[in-house]
file query.cif (mmCIF, C-alpha atoms and all ligand atoms)
data_query
#
loop_
_atom_site.label_atom_id
_atom_site.label_comp_id
_atom_site.auth_asym_id
_atom_site.auth_seq_id
_atom_site.Cartn_x
_atom_site.Cartn_y
_atom_site.Cartn_z
CA MET A 130 83.33 233.57 46.62
CA ARG A 131 84.28 230.11 47.88
CA GLN A 132 87.85 229.00 48.40
CA SER A 133 89.31 227.09 45.45
CA VAL A 134 91.22 224.02 46.55
CA ILE A 135 93.76 221.79 44.86
CA ALA A 136 94.54 218.71 46.93
CA GLY A 137 96.90 215.86 46.14
CA ASN A 138 96.21 212.45 47.63
CA TRP A 139 99.46 210.54 47.27
CA LYS A 140 98.04 207.30 48.65
CA MET A 141 100.78 204.68 49.32
CA HIS A 142 103.38 206.09 46.97
CA GLY A 143 106.81 207.63 47.27
CA THR A 144 110.26 207.30 48.73
CA ARG A 145 112.20 209.82 50.81
CA ALA A 146 113.91 210.96 47.65
CA SER A 147 110.84 211.18 45.41
CA VAL A 148 108.85 212.95 48.14
CA SER A 149 111.57 215.62 48.55
CA LYS A 150 111.67 216.27 44.84
CA LEU A 151 107.89 216.39 44.49
CA LEU A 152 107.47 218.73 47.47
CA GLU A 153 110.17 221.12 46.26
CA GLU A 154 108.62 221.26 42.81
CA ILE A 155 105.09 221.78 44.09
CA LYS A 156 106.29 224.42 46.54
CA SER A 157 107.96 226.44 43.83
CA GLY A 158 105.06 226.06 41.38
CA ALA A 159 102.52 227.02 44.03
CA ARG A 160 104.26 230.30 44.79
CA ALA A 161 102.90 231.89 41.62
CA ILE A 162 99.33 230.75 42.32
CA ALA A 163 98.41 232.27 45.64
CA ASN A 164 94.64 232.48 45.45
CA VAL A 165 94.17 228.72 45.67
CA GLU A 166 94.39 226.54 48.78
CA TRP A 167 97.14 223.99 48.08
CA ILE A 168 97.11 220.77 50.09
CA VAL A 169 99.16 217.59 49.87
CA PHE A 170 98.29 214.38 51.66
CA SER A 171 101.55 212.54 52.29
CA PRO A 172 101.83 209.04 53.72
CA PHE A 173 102.26 209.19 57.53
CA VAL A 174 105.94 208.31 57.46
CA PHE A 175 106.74 211.28 55.23
CA LEU A 176 104.85 213.87 57.30
CA GLU A 177 107.90 215.10 59.14
CA GLN A 178 109.76 215.57 55.87
CA THR A 179 106.67 217.22 54.39
CA ALA A 180 106.42 219.65 57.31
CA HIS A 181 110.11 220.45 57.08
CA ILE A 182 110.01 221.24 53.37
CA LEU A 183 106.66 223.05 53.25
CA GLN A 184 107.01 225.16 56.41
CA GLY A 185 106.59 228.81 55.49
CA SER A 186 105.25 228.07 51.99
CA ASN A 187 101.69 228.45 50.74
CA VAL A 188 101.25 224.67 50.50
CA HIS A 189 99.38 223.04 53.38
CA TRP A 190 99.50 219.37 54.27
CA GLY A 191 97.51 216.65 55.88
CA ALA A 192 97.13 212.93 56.41
CA GLN A 193 95.13 210.34 54.54
CA ASN A 194 93.51 208.77 57.59
CA LEU A 195 93.30 208.94 61.38
CA ASN A 196 92.09 206.76 64.21
CA PRO A 197 89.02 208.15 65.99
CA GLU A 198 90.46 207.48 69.45
CA ALA A 199 92.75 209.96 71.19
CA SER A 200 95.30 207.35 72.33
CA GLY A 201 95.47 203.79 73.60
CA ALA A 202 96.19 200.19 72.67
CA PHE A 203 95.52 200.45 68.95
CA THR A 204 98.54 198.87 67.31
CA GLY A 205 99.48 200.47 64.03
CA GLU A 206 97.10 203.41 64.35
CA ILE A 207 97.67 207.18 64.35
CA SER A 208 95.57 209.74 66.24
CA GLY A 209 94.52 213.25 65.28
CA SER A 210 96.70 214.83 67.97
CA MET A 211 99.74 212.99 66.56
CA LEU A 212 98.96 214.45 63.15
CA GLN A 213 98.79 217.90 64.68
CA GLU A 214 102.30 217.50 66.01
CA PHE A 215 103.47 217.20 62.43
CA GLY A 216 101.72 220.38 61.37
CA CYS A 217 98.83 218.68 59.59
CA GLU A 218 95.93 221.01 58.98
CA TYR A 219 93.75 218.59 57.05
CA VAL A 220 92.81 214.92 57.08
CA ILE A 221 90.95 212.77 54.56
CA VAL A 222 88.09 210.72 55.99
CA GLY A 223 85.93 208.15 54.29
CA HIS A 224 87.96 207.69 51.14
CA SER A 225 86.34 204.95 49.05
CA GLU A 226 89.49 202.82 49.31
CA ARG A 227 89.12 202.88 53.10
CA ARG A 228 85.42 202.14 52.85
CA GLN A 229 85.90 199.30 50.36
CA LEU A 230 89.20 197.72 51.37
CA TYR A 231 89.18 198.33 55.12
CA GLY A 232 85.48 198.04 55.89
CA GLU A 233 84.91 201.62 57.02
CA THR A 234 81.20 202.14 57.52
CA ASP A 235 79.39 205.48 57.65
CA ALA A 236 79.42 205.15 61.45
CA ILE A 237 83.21 204.74 61.56
CA VAL A 238 83.66 207.59 59.10
CA ALA A 239 81.45 209.81 61.28
CA LYS A 240 83.59 208.99 64.34
CA LYS A 241 86.74 209.88 62.44
CA PHE A 242 85.15 213.10 61.24
CA ILE A 243 84.29 214.12 64.80
CA ALA A 244 87.76 213.14 66.05
CA ALA A 245 89.32 215.30 63.34
CA LYS A 246 87.19 218.30 64.34
CA GLN A 247 87.94 217.78 68.02
CA THR A 248 91.67 217.85 67.39
CA GLY A 249 91.38 220.96 65.24
CA LEU A 250 91.99 219.23 61.91
CA LYS A 251 89.89 220.10 58.88
CA PRO A 252 88.35 216.90 57.55
CA ILE A 253 87.72 216.25 53.88
CA LEU A 254 84.76 213.89 53.79
CA CYS A 255 84.84 211.71 50.67
CA LEU A 256 81.67 210.32 49.24
CA GLY A 257 80.63 208.65 46.02
CA GLU A 258 78.79 205.80 44.39
CA THR A 259 80.03 202.63 42.72
CA LEU A 260 79.31 201.92 39.07
CA LYS A 261 76.65 199.40 40.03
CA GLN A 262 74.93 201.95 42.23
CA ARG A 263 75.04 204.55 39.45
CA GLU A 264 73.62 202.09 36.96
CA SER A 265 70.86 201.24 39.43
CA LEU A 266 70.09 204.98 39.67
CA LEU A 267 71.12 205.02 43.32
CA THR A 268 73.73 207.79 43.10
CA HIS A 269 71.64 210.38 44.94
CA ASP A 270 70.56 207.97 47.66
CA VAL A 271 74.12 206.79 48.25
CA VAL A 272 75.79 210.19 48.50
CA LEU A 273 72.99 211.64 50.61
CA GLN A 274 73.23 208.73 53.00
CA GLN A 275 76.99 209.26 53.30
CA LEU A 276 76.49 212.99 53.91
CA ASN A 277 73.59 212.49 56.32
CA ALA A 278 75.84 210.28 58.47
CA ILE A 279 77.47 213.60 59.45
CA LEU A 280 74.48 215.95 59.22
CA THR A 281 72.35 213.87 61.57
CA LEU A 282 74.97 213.75 64.35
CA PRO A 283 74.03 215.70 67.49
CA GLU A 284 76.43 218.51 66.53
CA GLY A 285 74.70 218.59 63.15
CA VAL A 286 75.54 220.88 60.30
CA SER A 287 77.96 222.97 62.38
CA LEU A 288 80.45 220.10 61.97
CA LEU A 289 80.76 221.13 58.34
CA LYS A 290 82.19 224.53 59.26
CA ASP A 291 85.88 224.41 58.35
CA ALA A 292 85.38 221.07 56.63
CA LEU A 293 85.30 220.07 52.98
CA LEU A 294 83.48 217.49 50.90
CA ALA A 295 84.95 215.52 48.03
CA TYR A 296 82.62 213.83 45.59
CA GLU A 297 84.57 210.90 44.19
CA PRO A 298 82.58 208.45 42.08
CA VAL A 299 84.24 205.12 42.81
CA TRP A 300 84.12 204.13 39.13
CA ALA A 301 86.22 207.18 38.24
CA ILE A 302 89.03 206.66 40.77
CA GLY A 303 92.26 205.51 39.20
CA THR A 304 90.39 204.22 36.16
CA GLY A 305 90.95 207.04 33.69
CA LEU A 306 87.17 207.48 33.55
CA THR A 307 86.03 210.90 34.73
CA ALA A 308 82.51 211.97 35.51
CA THR A 309 81.43 214.51 32.92
CA PRO A 310 81.36 218.06 34.27
CA GLU A 311 77.56 217.89 34.13
CA GLN A 312 77.39 214.59 36.03
CA ALA A 313 79.71 215.94 38.70
CA GLN A 314 77.93 219.30 38.92
CA GLU A 315 74.60 217.56 39.42
CA VAL A 316 75.88 215.67 42.46
CA HIS A 317 77.78 218.67 43.86
CA HIS A 318 74.62 220.75 43.60
CA LEU A 319 72.60 218.05 45.34
CA LEU A 320 75.14 217.90 48.18
CA ARG A 321 75.17 221.66 48.60
CA GLN A 322 71.38 221.80 48.60
CA GLN A 323 71.25 219.13 51.27
CA VAL A 324 73.65 221.10 53.48
CA ALA A 325 71.68 224.29 52.73
CA SER A 326 68.52 222.68 54.03
CA PHE A 327 70.27 222.76 57.43
CA SER A 328 72.29 225.97 57.01
CA LYS A 329 72.44 228.20 53.95
CA GLU A 330 75.45 230.01 55.32
CA ILE A 331 77.54 226.88 55.83
CA ALA A 332 76.48 225.48 52.45
CA GLU A 333 77.53 228.67 50.67
CA LYS A 334 81.03 228.53 52.11
CA LEU A 335 81.58 224.76 51.92
CA PRO A 336 84.22 223.76 49.36
CA ILE A 337 83.09 220.66 47.45
CA LEU A 338 85.94 219.04 45.54
CA TYR A 339 85.66 216.58 42.71
CA GLY A 340 87.91 213.52 42.61
CA GLY A 341 88.32 210.73 40.11
CA SER A 342 90.92 210.79 37.32
CA VAL A 343 91.31 214.58 37.42
CA LYS A 344 94.09 215.63 35.00
CA ALA A 345 95.29 218.83 33.38
CA GLY A 346 93.26 217.83 30.35
CA ASN A 347 89.87 217.74 32.08
CA ALA A 348 90.26 220.09 35.05
CA SER A 349 89.19 223.31 33.29
CA GLN A 350 85.80 221.96 32.32
CA LEU A 351 85.23 220.53 35.79
CA PHE A 352 86.35 223.68 37.62
CA ALA A 353 84.14 225.85 35.42
CA MET A 354 81.07 224.30 37.05
CA PRO A 355 79.40 226.49 39.68
CA ASP A 356 79.44 223.93 42.51
CA ILE A 357 82.86 222.37 41.83
CA ASP A 358 85.36 224.21 44.00
CA GLY A 359 88.43 222.16 43.29
CA GLY A 360 89.95 218.74 42.93
CA LEU A 361 91.13 215.89 45.11
CA VAL A 362 93.73 214.46 42.78
CA GLY A 363 95.27 211.01 43.09
CA GLY A 364 97.53 209.72 40.32
CA ALA A 365 98.11 213.08 38.64
CA SER A 366 99.26 214.67 41.92
CA LEU A 367 102.42 212.53 41.86
CA ASP A 368 103.62 214.51 38.87
CA ALA A 369 104.38 218.07 40.00
CA LYS A 370 104.06 219.57 36.53
CA GLU A 371 100.65 218.01 35.97
CA PHE A 372 99.47 218.93 39.46
CA ILE A 373 100.48 222.56 38.98
CA GLU A 374 98.83 222.59 35.58
CA ILE A 375 95.60 221.39 37.20
CA ALA A 376 95.77 224.33 39.64
CA ARG A 377 96.14 226.69 36.67
CA SER A 378 92.80 225.43 35.39
CA PHE A 379 90.64 227.41 37.81
CA PRO A 380 88.85 230.14 35.85
CA HIS A 381 90.09 232.92 38.17
CA VAL A 382 93.68 231.66 38.00
CA LYS A 383 93.59 231.47 34.19
CA ARG A 384 92.37 235.05 34.02
CA GLU A 385 95.22 236.28 36.18
CA LEU A 386 98.06 234.32 34.59
P1 LIG B 401 92.70 209.44 40.99
O1 LIG B 401 92.36 209.31 42.56
O2 LIG B 401 92.86 210.90 40.69
O3 LIG B 401 93.95 208.65 40.80
O4 LIG B 401 91.52 208.87 40.25
C1 LIG B 401 91.55 210.24 43.22
C2 LIG B 401 91.38 209.85 44.67
O5 LIG B 401 91.28 208.65 44.95
O6 LIG B 401 91.36 210.72 45.57
#
call {"tool": "encode", "arguments": {"input": "query.cif", "output": "structure tokens", "more": "lines below"}}
Ligand code: PGA
result
Amino acid sequence: MRQSVIAGNWKMHGTRASVSKLLEEIKSGARAIANVEWIVFSPFVFLEQTAHILQGSNVHWGAQNLNPEASGAFTGEISGSMLQEFGCEYVIVGHSERRQLYGETDAIVAKKFIAAKQTGLKPILCLGETLKQRESLLTHDVVLQQLNAILTLPEGVSLLKDALLAYEPVWAIGTGLTATPEQAQEVHHLLRQQVASFSKEIAEKLPILYGGSVKAGNASQLFAMPDIDGGLVGGASLDAKEFIEIARSFPHVKREL
């Protein structure tokens, strides 16, 4: 069985006080749900606080971005090794907001992915189509191109060992629109098949998360799909109760509660 994952992408939200409260609440809620990988993605400036509060708990943490270089004259940037110093285990790469607002191309995303692996961080590669691309029936082409940017690197499919994918249709992010479980499953299956054409073993173990307006009200149907292994949750992850409720929506967790 693949690892179920519940990940919260806090984006540019929070204060010292709100972060403390949220972390404490998530930490205590997560204790009762052990067979799920819990991850929170705090803003850089709250990573030390995050590490301090989550140390010794079953909630892991990571960063929302990294610079592909190891060090140097890159004003305002943060490297993978710096993230490691703050106990980060994971890092998000290729989020659609980075692609759209900060011009990150597939080539830049691939560099970040490699940098994450080289520093021992587990990257979560985000991919997804815009509404226009979906309406033009380009969804498959777009997500495969984004995935192939990693699969066709010299290191190839082995880069996806200890990595995760997150399918996040751009039209569903922060909009309240969610892909139907069937729409999401179709893309997740396509992604897994593509990885399997390089390595069945890696494809079988690869967690593929869904992201885009995941809430307690729609998580059960999404997580019931065979190729949806969890959620990358934005807005709803800022509310501890809602976030914990989403984690309770995995079929195996529901059975045990
Ligand atoms: P959302 O964001 O849950 O607020 O739609 C998801 C994401 O961007 O990772």
call {"tool": "residues_around", "arguments": {"input": "query.cif", "residues": "range 228-234 of chain A", "least_positions_apart": "4", "cutoff": "12 Å", "atoms": "all atoms listed in the file", "output": "ChimeraX atom specification"}}
result
/A:194-197,222-224,238-241,254-259,274-275,278,299
call {"tool": "write_last_selection", "arguments": {"input": "query.cif", "atoms": "C-alpha atoms", "output": "PDB file, keeping the file's coordinate frame"}}
result
ATOM      1  CA  ASN A 194      93.510 208.770  57.590  1.00  0.00           C
ATOM      2  CA  LEU A 195      93.300 208.940  61.380  1.00  0.00           C
ATOM      3  CA  ASN A 196      92.090 206.760  64.210  1.00  0.00           C
ATOM      4  CA  PRO A 197      89.020 208.150  65.990  1.00  0.00           C
ATOM      5  CA  VAL A 222      88.090 210.720  55.990  1.00  0.00           C
ATOM      6  CA  GLY A 223      85.930 208.150  54.290  1.00  0.00           C
ATOM      7  CA  HIS A 224      87.960 207.690  51.140  1.00  0.00           C
ATOM      8  CA  VAL A 238      83.660 207.590  59.100  1.00  0.00           C
ATOM      9  CA  ALA A 239      81.450 209.810  61.280  1.00  0.00           C
ATOM     10  CA  LYS A 240      83.590 208.990  64.340  1.00  0.00           C
ATOM     11  CA  LYS A 241      86.740 209.880  62.440  1.00  0.00           C
ATOM     12  CA  LEU A 254      84.760 213.890  53.790  1.00  0.00           C
ATOM     13  CA  CYS A 255      84.840 211.710  50.670  1.00  0.00           C
ATOM     14  CA  LEU A 256      81.670 210.320  49.240  1.00  0.00           C
ATOM     15  CA  GLY A 257      80.630 208.650  46.020  1.00  0.00           C
ATOM     16  CA  GLU A 258      78.790 205.800  44.390  1.00  0.00           C
ATOM     17  CA  THR A 259      80.030 202.630  42.720  1.00  0.00           C
ATOM     18  CA  GLN A 274      73.230 208.730  53.000  1.00  0.00           C
ATOM     19  CA  GLN A 275      76.990 209.260  53.300  1.00  0.00           C
ATOM     20  CA  ALA A 278      75.840 210.280  58.470  1.00  0.00           C
ATOM     21  CA  VAL A 299      84.240 205.120  42.810  1.00  0.00           C
TER      22      VAL A 299
END
call {"tool": "residues_near_ligand", "arguments": {"input": "query.cif", "ligand": "ligand LIG 401 (chain B)", "cutoff": "10 Å", "atoms": "only C-alpha atoms and all ligand atoms", "output": "count of residues only"}}
result
40
call {"tool": "closest_residue", "arguments": {"input": "query.cif", "among": "A:Ala369, A:Ala345, A:Leu293, A:Leu176", "to": "Ile357 in chain A", "atoms": "all atoms listed in the file"}}
result
A:Leu293
call {"tool": "closest_residue", "arguments": {"input": "query.cif", "among": "A:Asn347, A:Gln323, A:Gln247, A:Thr268", "to": "Asp291 in chain A", "atoms": "all atoms listed in the file"}}
result
A:Gln247
call {"tool": "atom_distance", "arguments": {"input": "query.cif", "atom1": "CA of Ser208 in chain A", "atom2": "CA of Val220 in chain A"}}
result
10.9 Å
